[in-house]
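Okay, upload-v3.cif now, which holds mmCIF, C-alpha atoms:
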data_entry
#
loop_
_atom_site.label_atom_id
_atom_site.label_comp_id
_atom_site.auth_asym_id
_atom_site.auth_seq_id
_atom_site.Cartn_x
_atom_site.Cartn_y
_atom_site.Cartn_z
CA ALA A 26 16.62 9.02 22.04
CA PRO A 27 20.06 8.83 20.31
CA PHE A 28 18.98 5.69 18.47
CA LEU A 29 15.69 7.29 17.43
CA LYS A 30 17.68 10.21 16.08
CA GLN A 31 19.85 7.76 14.14
CA VAL A 32 16.84 6.42 12.23
CA GLY A 33 15.52 9.92 11.54
CA ALA A 34 12.53 9.75 13.88
CA ASN A 35 10.44 12.93 13.98
CA PHE A 36 8.71 12.17 17.29
CA SER A 37 9.64 12.28 20.95
CA ALA A 38 11.04 9.29 22.82
CA ASP A 39 8.26 9.92 25.37
CA ALA A 40 5.47 9.46 22.81
CA PRO A 41 3.21 6.43 23.45
CA VAL A 42 3.83 3.80 20.75
CA VAL A 43 0.08 3.40 20.24
CA SER A 44 -0.08 7.01 19.09
CA LEU A 45 2.49 6.47 16.32
CA SER A 46 1.82 5.62 12.69
CA LEU A 47 2.86 2.24 11.28
CA ALA A 48 5.98 3.77 9.73
CA GLN A 49 6.91 5.46 13.02
CA GLN A 50 6.38 2.20 14.93
CA GLN A 51 8.75 0.53 12.49
CA MET A 52 11.34 3.20 13.25
CA VAL A 53 11.03 2.32 16.96
CA GLU A 54 11.66 -1.36 16.18
CA ILE A 55 14.74 -0.52 14.14
CA ALA A 56 16.06 1.77 16.88
CA LYS A 57 15.49 -0.99 19.44
CA ALA A 58 17.52 -3.42 17.35
CA LEU A 59 20.33 -0.88 17.01
CA SER A 60 20.39 -0.33 20.78
CA MET A 61 21.14 -3.98 21.57
CA GLN A 62 24.67 -4.01 20.11
CA ALA A 63 24.03 -7.36 18.47
CA ARG A 64 26.64 -9.24 16.41
CA LEU A 65 23.91 -10.24 13.93
CA VAL A 66 20.97 -8.01 13.00
CA ILE A 67 18.08 -9.45 10.98
CA LEU A 68 15.94 -6.79 9.29
CA ASP A 69 12.70 -8.16 7.85
CA GLU A 70 11.18 -5.65 5.40
CA PRO A 71 12.48 -2.71 7.49
CA THR A 72 11.79 -0.12 4.80
CA SER A 73 8.42 -1.40 3.61
CA SER A 74 6.46 1.52 5.07
CA LEU A 75 9.22 4.15 4.90
CA PRO A 76 9.43 6.89 2.25
CA VAL A 77 12.63 7.67 0.36
CA ALA A 78 14.27 10.04 2.86
CA GLU A 79 13.86 7.67 5.83
CA THR A 80 14.87 4.69 3.69
CA ASP A 81 18.13 6.36 2.69
CA LYS A 82 18.92 7.00 6.35
CA LEU A 83 18.30 3.37 7.24
CA LEU A 84 20.45 2.06 4.39
CA ASP A 85 23.25 4.35 5.58
CA ILE A 86 22.82 2.90 9.08
CA ILE A 87 23.14 -0.62 7.65
CA ALA A 88 26.36 0.40 5.90
CA GLY A 89 27.62 1.66 9.27
CA LEU A 90 26.78 -1.65 10.95
CA LYS A 91 28.80 -3.52 8.31
CA ARG A 92 31.78 -1.24 8.87
CA GLN A 93 31.62 -2.14 12.57
CA GLY A 94 31.87 -5.86 11.69
CA ILE A 95 28.21 -6.61 12.42
CA SER A 96 26.55 -9.19 10.16
CA VAL A 97 23.25 -8.13 8.62
CA ILE A 98 20.50 -10.25 7.08
CA PHE A 99 18.40 -7.83 5.05
CA ILE A 100 15.04 -9.21 3.87
CA SER A 101 13.37 -6.99 1.30
CA HIS A 102 11.22 -7.00 -1.83
CA ARG A 103 12.59 -3.59 -2.83
CA LEU A 104 15.24 -4.90 -5.17
CA HIS A 105 17.05 -1.58 -5.72
CA GLU A 106 17.72 -1.53 -1.96
CA VAL A 107 19.12 -5.06 -2.09
CA GLU A 108 21.41 -3.99 -4.95
CA ARG A 109 22.64 -1.09 -2.83
CA VAL A 110 23.39 -2.89 0.44
CA ALA A 111 24.08 -6.57 -0.28
CA GLU A 112 27.40 -8.35 -0.78
CA ARG A 113 25.55 -11.61 -1.42
CA VAL A 114 21.94 -12.45 -2.29
CA LEU A 115 19.99 -15.61 -1.52
CA VAL A 116 16.66 -16.00 -3.29
CA MET A 117 13.77 -18.11 -1.99
CA ARG A 118 10.66 -19.22 -3.86
CA ASP A 119 7.80 -21.36 -2.52
CA GLY A 120 9.73 -22.16 0.66
CA ALA A 121 12.93 -23.32 -1.03
CA LEU A 122 16.29 -21.73 -1.81
CA VAL A 123 16.39 -21.33 -5.60
CA GLY A 124 19.60 -19.41 -6.19
CA GLU A 125 22.51 -17.36 -4.94
CA LEU A 126 24.17 -14.30 -6.44
CA ASP A 127 27.57 -12.90 -5.55
CA LYS A 128 28.34 -9.18 -5.53
CA ALA A 129 29.26 -9.06 -9.21
CA GLY A 130 26.11 -10.95 -10.24
CA ILE A 131 23.57 -8.90 -8.27
CA SER A 132 21.15 -7.12 -10.59
CA HIS A 133 17.43 -6.34 -10.66
CA ASP A 134 16.78 -8.67 -13.62
CA ALA A 135 18.81 -11.55 -12.16
CA MET A 136 16.93 -11.39 -8.85
CA VAL A 137 13.53 -11.14 -10.55
CA LYS A 138 14.26 -14.16 -12.74
CA LEU A 139 15.18 -16.26 -9.69
CA MET A 140 12.20 -14.98 -7.66
CA ILE A 141 9.49 -15.78 -10.19
CA GLY A 142 11.22 -18.36 -12.35
CA ARG A 143 11.17 -16.23 -15.48
CA ALA A 144 11.95 -12.76 -16.76
CA LEU A 145 9.32 -10.17 -15.87
CA LYS A 146 7.79 -8.43 -18.88
CA ALA A 147 7.63 -4.66 -19.09
CA ARG A 148 4.58 -3.01 -17.57
CA ASP A 149 2.97 -2.24 -20.92
CA THR A 150 -0.16 -4.05 -19.74
CA LEU A 151 -0.60 -1.38 -17.07
CA MET A 152 -1.31 1.40 -19.54
CA PRO A 153 -4.94 2.54 -19.34
CA ALA A 154 -7.31 0.96 -21.84
CA ILE A 155 -9.78 3.82 -21.55
CA GLN A 156 -9.59 7.57 -20.97
CA PRO A 157 -10.52 8.58 -17.40
CA GLY A 158 -14.13 9.72 -17.09
CA PRO A 159 -15.82 12.28 -14.85
CA ALA A 160 -15.15 12.53 -11.12
CA VAL A 161 -16.77 9.70 -9.15
CA LEU A 162 -15.62 10.89 -5.74
CA SER A 163 -15.14 14.61 -5.03
CA ALA A 164 -13.75 15.79 -1.70
CA ARG A 165 -13.63 19.46 -0.75
CA GLY A 166 -11.89 20.98 2.27
CA ILE A 167 -11.42 17.64 4.08
CA ARG A 168 -9.73 18.31 7.42
CA THR A 169 -8.53 15.59 9.78
CA PRO A 170 -7.20 15.68 13.37
CA ALA A 171 -3.68 15.11 12.01
CA HIS A 172 -3.71 18.51 10.25
CA PRO A 173 -6.78 20.33 11.58
CA ARG A 174 -6.04 23.67 9.91
CA ARG A 175 -5.39 22.39 6.39
CA GLY A 176 -7.96 20.99 3.98
CA VAL A 177 -7.76 18.58 1.05
CA ASP A 178 -9.53 19.01 -2.28
CA LEU A 179 -9.46 15.82 -4.31
CA ASP A 180 -11.27 14.51 -7.40
CA LEU A 181 -11.03 10.81 -8.18
CA ARG A 182 -12.06 10.01 -11.74
CA ARG A 183 -13.83 6.97 -13.12
CA GLY A 184 -11.37 4.60 -14.77
CA GLU A 185 -8.13 6.06 -13.38
CA ILE A 186 -5.49 5.04 -10.89
CA LEU A 187 -4.61 8.13 -8.88
CA GLY A 188 -1.36 7.65 -6.96
CA LEU A 189 -1.16 9.51 -3.66
CA ALA A 190 2.43 10.18 -2.55
CA GLY A 191 3.97 12.07 0.35
CA LEU A 192 6.33 11.73 3.29
CA VAL A 193 5.42 10.02 6.56
CA GLY A 194 3.14 12.37 8.50
CA SER A 195 1.83 14.18 5.42
CA GLY A 196 -1.71 12.95 6.13
CA ARG A 197 -2.27 10.36 3.39
CA THR A 198 -3.57 7.55 5.59
CA GLU A 199 -5.67 9.98 7.65
CA LEU A 200 -7.29 11.19 4.42
CA ALA A 201 -8.05 7.61 3.39
CA ARG A 202 -9.63 6.85 6.76
CA ALA A 203 -11.73 10.02 6.53
CA LEU A 204 -12.94 9.14 3.02
CA PHE A 205 -13.88 5.66 4.26
CA GLY A 206 -15.75 6.98 7.29
CA ILE A 207 -13.48 5.42 9.91
CA ASP A 208 -12.22 8.67 11.37
CA ARG A 209 -14.26 11.77 12.11
CA ARG A 210 -13.75 14.67 9.73
CA LEU A 211 -13.22 18.10 11.26
CA GLY A 212 -14.62 19.73 8.15
CA GLY A 213 -15.23 19.37 4.43
CA THR A 214 -17.72 17.67 2.13
CA ILE A 215 -17.76 14.52 0.01
CA ALA A 216 -19.81 13.94 -3.14
CA LEU A 217 -20.34 10.66 -5.00
CA ASP A 218 -21.34 10.90 -8.68
CA GLY A 219 -22.06 14.59 -8.10
CA LYS A 220 -24.44 14.05 -5.18
CA PRO A 221 -23.60 15.06 -1.59
CA LEU A 222 -22.71 12.05 0.53
CA ALA A 223 -22.99 11.87 4.33
CA LEU A 224 -20.25 9.52 5.53
CA SER A 225 -20.44 9.00 9.28
CA THR A 226 -19.22 5.38 9.45
CA ALA A 227 -17.39 2.81 7.36
CA ALA A 228 -20.75 1.08 6.88
CA ASP A 229 -21.97 4.20 5.06
CA ALA A 230 -18.96 4.03 2.74
CA VAL A 231 -19.45 0.31 2.05
CA ALA A 232 -23.15 0.82 1.34
CA ASN A 233 -22.16 3.35 -1.33
CA GLY A 234 -19.49 1.20 -2.96
CA ILE A 235 -16.46 2.91 -1.39
CA PHE A 236 -13.97 0.34 -0.09
CA LEU A 237 -10.61 0.57 1.71
CA VAL A 238 -7.68 -1.85 1.66
CA PRO A 239 -5.77 -0.69 4.77
CA GLU A 240 -1.99 -0.42 5.11
CA ASP A 241 -1.86 -2.90 8.00
CA ARG A 242 -3.82 -5.81 6.54
CA LYS A 243 -3.15 -8.13 9.48
CA ALA A 244 -4.51 -5.68 12.06
CA THR A 245 -7.45 -4.17 10.20
CA GLY A 246 -7.90 -5.88 6.82
CA ILE A 247 -8.49 -9.54 7.63
CA LEU A 248 -9.22 -11.88 10.52
CA LEU A 249 -6.23 -14.23 10.60
CA ASP A 250 -7.98 -16.96 12.62
CA LEU A 251 -10.88 -17.27 10.16
CA PRO A 252 -10.81 -19.23 6.89
CA ILE A 253 -10.59 -17.51 3.52
CA ALA A 254 -14.30 -18.06 2.82
CA GLN A 255 -15.48 -16.31 5.98
CA ASN A 256 -13.12 -13.36 5.46
CA ILE A 257 -14.43 -12.81 1.94
CA SER A 258 -18.10 -13.01 2.93
CA LEU A 259 -17.81 -10.95 6.13
CA PRO A 260 -18.65 -7.45 4.76
CA ASP A 261 -21.73 -8.74 2.92
CA LEU A 262 -23.29 -11.34 5.21
CA ARG A 263 -26.83 -10.34 4.28
CA ARG A 264 -26.26 -11.59 0.74
CA HIS A 265 -25.15 -14.96 2.10
CA ALA A 266 -27.98 -15.29 4.63
CA ARG A 267 -31.07 -17.46 4.38
CA ARG A 268 -33.70 -16.55 6.96
CA PHE A 269 -31.10 -14.68 9.03
CA LEU A 270 -28.69 -17.64 9.01
CA VAL A 271 -25.46 -17.44 7.00
CA SER A 272 -25.27 -20.14 4.34
CA PRO A 273 -21.83 -21.83 4.34
CA ARG A 274 -22.53 -23.08 0.81
CA SER A 275 -23.09 -19.52 -0.42
CA GLU A 276 -19.93 -18.32 1.36
CA VAL A 277 -17.86 -21.07 -0.23
CA LYS A 278 -19.27 -20.41 -3.70
CA THR A 279 -18.37 -16.70 -3.55
CA ALA A 280 -14.94 -17.45 -2.06
CA GLU A 281 -14.16 -20.07 -4.73
CA THR A 282 -14.94 -17.50 -7.42
CA GLN A 283 -12.59 -14.94 -5.87
CA LYS A 284 -9.90 -17.58 -5.24
CA LYS A 285 -9.95 -18.45 -8.94
CA ASN A 286 -10.18 -14.88 -10.24
CA LEU A 287 -7.38 -13.59 -8.00
CA ALA A 288 -5.20 -16.73 -8.19
CA ILE A 289 -5.13 -17.04 -4.38
CA LYS A 290 -2.63 -19.79 -3.60
CA ALA A 291 -4.17 -21.96 -0.89
CA PRO A 292 -5.26 -25.61 -0.62
CA SER A 293 -8.89 -24.53 -0.27
CA VAL A 294 -11.13 -21.67 0.84
CA ALA A 295 -11.31 -23.42 4.23
CA THR A 296 -7.62 -22.62 4.79
CA LEU A 297 -6.99 -20.25 7.71
CA THR A 298 -6.06 -16.83 6.33
CA GLY A 299 -3.22 -16.42 8.83
CA THR A 300 -1.31 -19.30 7.21
CA LEU A 301 -1.11 -17.55 3.82
CA SER A 302 1.77 -15.47 2.47
CA GLY A 303 1.50 -11.68 2.58
CA GLY A 304 0.59 -11.49 -1.09
CA ASN A 305 -2.20 -14.04 -0.75
CA GLN A 306 -3.52 -12.36 2.39
CA GLN A 307 -3.73 -9.12 0.41
CA LYS A 308 -5.64 -10.92 -2.32
CA VAL A 309 -8.16 -12.08 0.30
CA VAL A 310 -8.63 -8.46 1.40
CA LEU A 311 -9.19 -7.47 -2.23
CA GLY A 312 -11.46 -10.46 -2.81
CA LYS A 313 -13.96 -9.48 -0.13
CA TRP A 314 -14.43 -6.05 -1.76
CA LEU A 315 -14.38 -7.20 -5.38
CA ALA A 316 -17.28 -9.52 -4.60
CA MET A 317 -19.33 -6.39 -3.83
CA LYS A 318 -18.82 -4.44 -7.11
CA PRO A 319 -16.85 -1.36 -5.99
CA LYS A 320 -17.28 2.17 -7.33
CA VAL A 321 -14.25 3.54 -5.49
CA MET A 322 -11.31 1.45 -4.27
CA ILE A 323 -8.82 3.04 -1.86
CA LEU A 324 -5.61 1.04 -1.44
CA ASP A 325 -3.19 2.12 1.30
CA GLU A 326 0.30 0.66 0.70
CA PRO A 327 -1.20 -2.25 -1.32
CA THR A 328 2.07 -4.12 -1.92
CA ARG A 329 3.92 -3.51 1.34
CA GLY A 330 5.81 -6.68 2.29
CA ILE A 331 4.71 -8.56 -0.85
CA ASP A 332 7.03 -10.40 -3.25
CA ILE A 333 7.57 -9.07 -6.76
CA GLY A 334 5.47 -11.75 -8.47
CA ALA A 335 2.42 -10.98 -6.30
CA LYS A 336 3.06 -7.26 -6.79
CA ALA A 337 2.79 -7.67 -10.56
CA GLU A 338 -0.49 -9.54 -10.11
CA ILE A 339 -1.92 -6.83 -7.85
CA TYR A 340 -0.83 -4.08 -10.27
CA ALA A 341 -2.58 -5.92 -13.10
CA LEU A 342 -5.68 -6.29 -10.93
CA MET A 343 -5.70 -2.56 -10.15
CA ARG A 344 -5.39 -1.81 -13.86
CA SER A 345 -8.30 -4.14 -14.69
CA LEU A 346 -10.42 -2.45 -12.01
CA ALA A 347 -9.73 0.97 -13.52
CA ASP A 348 -10.38 -0.32 -17.03
CA ALA A 349 -13.76 -1.59 -15.78
CA GLY A 350 -14.62 1.95 -14.65
CA VAL A 351 -13.67 1.77 -10.97
CA ALA A 352 -12.00 4.86 -9.50
CA VAL A 353 -8.79 3.70 -7.79
CA LEU A 354 -6.86 5.72 -5.20
CA MET A 355 -3.46 4.14 -4.44
CA ILE A 356 -1.45 5.43 -1.48
CA SER A 357 2.17 4.32 -1.64
CA SER A 358 5.60 5.19 -0.21
CA ASP A 359 7.28 3.19 -3.00
CA MET A 360 8.38 5.78 -5.56
CA GLU A 361 8.82 3.21 -8.35
CA GLU A 362 5.33 1.92 -7.68
CA VAL A 363 3.70 5.36 -7.72
CA ILE A 364 5.42 6.32 -10.97
CA GLY A 365 5.02 2.92 -12.65
CA VAL A 366 1.35 2.28 -11.86
CA SER A 367 -0.43 5.64 -11.62
CA ASP A 368 -2.29 7.47 -14.38
CA ARG A 369 -1.96 10.68 -12.35
CA ILE A 370 -0.12 11.49 -9.12
CA ALA A 371 -1.29 13.70 -6.25
CA VAL A 372 1.32 14.62 -3.64
CA MET A 373 0.51 15.57 -0.06
CA HIS A 374 2.51 17.90 2.17
CA GLU A 375 1.49 18.71 5.76
CA GLY A 376 -2.17 17.83 5.37
CA THR A 377 -2.96 19.25 1.94
CA ILE A 378 -2.36 18.48 -1.74
CA SER A 379 0.78 20.34 -2.79
CA GLY A 380 0.41 19.48 -6.47
CA TYR A 381 -0.59 17.05 -9.19
CA LEU A 382 1.52 15.39 -11.86
CA ASP A 383 0.36 14.07 -15.22
CA ARG A 384 2.26 11.22 -16.90
CA ASP A 385 4.49 13.55 -18.91
CA ASP A 386 5.77 15.09 -15.66
CA PHE A 387 6.32 11.87 -13.69
CA SER A 388 9.76 11.77 -12.05
CA GLN A 389 11.17 11.04 -8.62
CA GLU A 390 12.48 14.59 -8.45
CA ASN A 391 9.05 16.15 -9.10
CA VAL A 392 7.34 13.89 -6.56
CA LEU A 393 9.96 14.66 -3.89
CA LEU A 394 9.83 18.41 -4.55
CA LEU A 395 6.06 18.43 -4.04
CA ALA A 396 6.41 16.16 -0.98
CA ILE A 397 8.54 18.78 0.75
CA GLY A 398 6.26 21.60 -0.34
CA LYS A 399 8.41 22.97 -3.17
CA PRO A 400 7.21 23.84 -6.69
CA THR A 401 8.29 21.43 -9.45
CA GLY A 402 9.16 24.09 -12.01
CA SER A 403 6.48 22.75 -14.35
CA LYS A 404 2.82 23.49 -14.74
CA ALA A 405 2.06 20.06 -13.26
CA GLY A 406 2.69 21.26 -9.73
CA ALA A 407 -0.24 23.64 -9.94
CA THR A 408 -2.63 21.42 -11.86
CA VAL A 409 -6.17 21.38 -10.49
CA PRO A 410 -7.84 17.98 -10.98
CA ALA A 411 -10.70 17.91 -13.45
CA ALA A 412 -14.21 17.76 -12.06
#
Encoding of this model in structure tokens:
Amino acid sequence: APFLKQVGANFSADAPVVSLSLAQQQMVEIAKALSMQARLVILDEPTSSLPVAETDKLLDIIAGLKRQGISVIFISHRLHEVERVAERVLVMRDGALVGELDKAGISHDAMVKLMIGRALKARDTLMPAIQPGPAVLSARGIRTPAHPRRGVDLDLRRGEILGLAGLVGSGRTELARALFGIDRRLGGTIALDGKPLALSTAADAVANGIFLVPEDRKATGILLDLPIAQNISLPDLRRHARRFLVSPRSEVKTAETQKKNLAIKAPSVATLTGTLSGGNQQKVVLGKWLAMKPKVMILDEPTRGIDIGAKAEIYALMRSLADAGVAVLMISSDMEEVIGVSDRIAVMHEGTISGYLDRDDFSQENVLLLAIGKPTGSKAGATVPAA
């Protein structure tokens, strides 16, 4: 319990681990490492699913470990965190060490250049090419078991990326699972293109062009022991079937198209998905849905544990989806990501939307204020999304 308190856990030490969210499970792992009094602690993406408040606590803990003479290897794609905690940075690319930076030389731009072999251009390509259209998906009074007494009203517009922010436990993932038909709703209605939609299962969502990229891709997004081709064809086997038998040739053709379009780095589509990097695994998850012409794409922590080069590719892909008229809902705990990629931001607090922000009101302060249930001091906090 003392170690759980150290990492800012908001759950009991007696709680079954299976009942915890991914972020809470990560807190348990960190607490376990702290309890072992090790001389060397290796933290592999420890903050990838943690929001700002919990991340700050962990970085303070790391500073405390260093003061105690404990060596820390901190693996992270969140470069501002590396700048904050590291005395020395080693950069790897394609399995090889490509550079080293001492304390004085550590900067965001220097790390990016080593990571991707070039300077990263500004995100001007992520600006919307079209104005958002009418609401594609409209949710009213959606209640989930996580917050049974509070409902969510949400409109997701054609051609926009709506960022969904909030602290751990605010109900973002539970909302996504309810919209995708995985979890039972306790109340509320969903409409697609203005028509009432009965979503009882994920199959209902898929049949209507609503797709989910889950936060834990390895557990629920892909089958690691299957090749790329079979993962991509799996949700739409009927299209690849001839007389009730799946055609390997058809599977390979579709997978080759997605491999090329998404720049999936693999020797072939016969490569086992579990051997790919995190970024390429995420592209496989995206590839299986993009082959089915989505209307609504829900992405839960889409770049968690992914290197900065693959992040830029996924951001560009999300932008191209929105520009093609797809309604994109992006759930993220990465504040820079939410602010840098979204056209509009919705913030959740204790199971409901506490406010919306338009681009002119984007700031970390405004997002955090809404995340803790406080007004932002601007009209944006009370904005009702357009129908």
- Item | Neighbours of point (17.1, -17.6, -5.0) within 10 Å, using only C-alpha atoms, written as a list in words | Val114, Leu115, Val116, Met117, Arg118, Ala121, Leu122, Val123, Gly124, Glu125, Leu126, Ala135, Met136, Val137, Lys138, Leu139, Met140, Ile141 and Gly142 of chain A
- Message: Suppose a student applies the PyMOL selection byres ((chain A and resi 213) around 9) to this structure; what residues should they get, written as a PyMOL selection string?
- Response: chain A and resi 164-168+176-178+210-212+214-215
With 5 Å of padding per side, what axis-aligned box (centre and edge lengths, Å, one decimal) covers all the listed atoms of segment 365-382 of chain A? Give it as AutoDock Vina command-line options.
--center_x 1.0 --center_y 11.3 --center_z -4.3 --size_x 18.0 --size_y 28.1 --size_z 30.1
- Distance atom CA of Leu393 of chain A-atom CA of Ala190 of chain A, one decimal place? 8.9 Å
Can you translate the PyMOL selection byres ((chain A and resi 32-45) around 10) into the concrete residues it hits in this file, as a PDB file with C-alpha atoms, in the coordinates of the input?
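Resulting contents of out_14.pdb:
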ATOM      1  CA  ALA A  26      16.620   9.020  22.040  1.00  0.00           C
ATOM      2  CA  PRO A  27      20.060   8.830  20.310  1.00  0.00           C
ATOM      3  CA  PHE A  28      18.980   5.690  18.470  1.00  0.00           C
ATOM      4  CA  LEU A  29      15.690   7.290  17.430  1.00  0.00           C
ATOM      5  CA  LYS A  30      17.680  10.210  16.080  1.00  0.00           C
ATOM      6  CA  GLN A  31      19.850   7.760  14.140  1.00  0.00           C
ATOM      7  CA  SER A  46       1.820   5.620  12.690  1.00  0.00           C
ATOM      8  CA  LEU A  47       2.860   2.240  11.280  1.00  0.00           C
ATOM      9  CA  ALA A  48       5.980   3.770   9.730  1.00  0.00           C
ATOM     10  CA  GLN A  49       6.910   5.460  13.020  1.00  0.00           C
ATOM     11  CA  GLN A  50       6.380   2.200  14.930  1.00  0.00           C
ATOM     12  CA  GLN A  51       8.750   0.530  12.490  1.00  0.00           C
ATOM     13  CA  MET A  52      11.340   3.200  13.250  1.00  0.00           C
ATOM     14  CA  VAL A  53      11.030   2.320  16.960  1.00  0.00           C
ATOM     15  CA  ILE A  55      14.740  -0.520  14.140  1.00  0.00           C
ATOM     16  CA  ALA A  56      16.060   1.770  16.880  1.00  0.00           C
ATOM     17  CA  LEU A  59      20.330  -0.880  17.010  1.00  0.00           C
ATOM     18  CA  ALA A  78      14.270  10.040   2.860  1.00  0.00           C
ATOM     19  CA  GLU A  79      13.860   7.670   5.830  1.00  0.00           C
ATOM     20  CA  THR A  80      14.870   4.690   3.690  1.00  0.00           C
ATOM     21  CA  ASP A  81      18.130   6.360   2.690  1.00  0.00           C
ATOM     22  CA  LYS A  82      18.920   7.000   6.350  1.00  0.00           C
ATOM     23  CA  LEU A  83      18.300   3.370   7.240  1.00  0.00           C
ATOM     24  CA  LEU A  84      20.450   2.060   4.390  1.00  0.00           C
ATOM     25  CA  ASP A  85      23.250   4.350   5.580  1.00  0.00           C
ATOM     26  CA  ILE A  86      22.820   2.900   9.080  1.00  0.00           C
ATOM     27  CA  VAL A 193       5.420  10.020   6.560  1.00  0.00           C
ATOM     28  CA  GLY A 194       3.140  12.370   8.500  1.00  0.00           C
TER      29      GLY A 194
END
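Counting all atoms listed in the file, the residue from A:Pro292, A:Pro260, A:Gly398, A:Gly188 that sits nearest to Glu326 of chain A is A:Gly188.
Excluding Gly234 of chain A itself and any same-chain residue fewer than 4 positions from it, the protein and nucleic acid residues within 8 Å of it, counting all atoms listed in the file, are A:Ala230, A:Met317, A:Lys318, A:Pro319, A:Lys320, A:Val321.
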Restricting the output to C-alpha atoms, write the selected residues as a tab-separated table (two decimals), in the coordinates of the input.
chain	number	residue	atom	x	y	z
A	230	ALA	CA	-18.96	4.03	2.74
A	317	MET	CA	-19.33	-6.39	-3.83
A	318	LYS	CA	-18.82	-4.44	-7.11
A	319	PRO	CA	-16.85	-1.36	-5.99
A	320	LYS	CA	-17.28	2.17	-7.33
A	321	VAL	CA	-14.25	3.54	-5.49
Care to translate the PyMOL selection byres ((chain A and resi 335) around 10) into actual residues of this file, as an mmCIF file with C-alpha atoms, keeping the file's coordinate frame?
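Result went into part_1.cif, see below:
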data_model
loop_
_atom_site.group_PDB
_atom_site.id
_atom_site.type_symbol
_atom_site.label_atom_id
_atom_site.label_comp_id
_atom_site.auth_asym_id
_atom_site.auth_seq_id
_atom_site.Cartn_x
_atom_site.Cartn_y
_atom_site.Cartn_z
ATOM 1 C CA ILE A 141 9.490 -15.780 -10.190
ATOM 2 C CA ALA A 288 -5.200 -16.730 -8.190
ATOM 3 C CA ILE A 289 -5.130 -17.040 -4.380
ATOM 4 C CA SER A 302 1.770 -15.470 2.470
ATOM 5 C CA GLY A 303 1.500 -11.680 2.580
ATOM 6 C CA GLY A 304 0.590 -11.490 -1.090
ATOM 7 C CA ASN A 305 -2.200 -14.040 -0.750
ATOM 8 C CA GLN A 307 -3.730 -9.120 0.410
ATOM 9 C CA LYS A 308 -5.640 -10.920 -2.320
ATOM 10 C CA THR A 328 2.070 -4.120 -1.920
ATOM 11 C CA ILE A 331 4.710 -8.560 -0.850
ATOM 12 C CA ASP A 332 7.030 -10.400 -3.250
ATOM 13 C CA ILE A 333 7.570 -9.070 -6.760
ATOM 14 C CA GLY A 334 5.470 -11.750 -8.470
ATOM 15 C CA LYS A 336 3.060 -7.260 -6.790
ATOM 16 C CA ALA A 337 2.790 -7.670 -10.560
ATOM 17 C CA GLU A 338 -0.490 -9.540 -10.110
ATOM 18 C CA ILE A 339 -1.920 -6.830 -7.850
ATOM 19 C CA TYR A 340 -0.830 -4.080 -10.270
ATOM 20 C CA ALA A 341 -2.580 -5.920 -13.100
#
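Residues in contact with Thr226 of chain A at up to 9 Å, not including ones fewer than 6 positions away on its chain and judged by only C-alpha atoms, are A:Phe205, A:Gly206, A:Ile207, A:Asp208, A:Arg209.
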- Extract, using all atoms listed in the file, all DNA, RNA and protein residues at most 10 Å from Ala216 of chain A, discarding same-chain residues fewer than 5 positions from it, and format them as number ranges by chain. A: 160-165, 180, 221-224
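Take atom CA of Leu192 of chain A and atom CA of Ile397 of chain A: the distance between them is 7.8 Å.
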Filled-in N, CA, C and O atoms of segment 254-261 of chain A, supplied as a compact mmCIF listing (two decimals), in the frame of the given file:
# COMPACT_ATOMS: atom_id res chain seq x y z
N ALA A 254 -12.89 -18.23 3.19
CA ALA A 254 -14.30 -18.06 2.82
C ALA A 254 -15.01 -17.07 3.73
O ALA A 254 -15.77 -16.21 3.26
N GLN A 255 -14.78 -17.18 5.05
CA GLN A 255 -15.48 -16.31 5.98
C GLN A 255 -14.96 -14.88 5.91
O GLN A 255 -15.70 -13.92 6.10
N ASN A 256 -13.66 -14.70 5.63
CA ASN A 256 -13.12 -13.36 5.46
C ASN A 256 -13.75 -12.68 4.26
O ASN A 256 -14.10 -11.49 4.30
N ILE A 257 -13.90 -13.40 3.16
CA ILE A 257 -14.43 -12.81 1.94
C ILE A 257 -15.91 -12.47 2.07
O ILE A 257 -16.38 -11.45 1.56
N SER A 258 -16.66 -13.26 2.81
CA SER A 258 -18.10 -13.01 2.93
C SER A 258 -18.45 -12.00 4.02
O SER A 258 -19.56 -11.46 4.04
N LEU A 259 -17.50 -11.71 4.92
CA LEU A 259 -17.81 -10.95 6.13
C LEU A 259 -18.47 -9.59 5.89
O LEU A 259 -19.43 -9.24 6.58
N PRO A 260 -18.02 -8.77 4.91
CA PRO A 260 -18.65 -7.45 4.76
C PRO A 260 -20.06 -7.50 4.18
O PRO A 260 -20.76 -6.50 4.19
N ASP A 261 -20.45 -8.65 3.64
CA ASP A 261 -21.73 -8.74 2.92
C ASP A 261 -22.53 -9.96 3.36
O ASP A 261 -23.04 -10.73 2.53
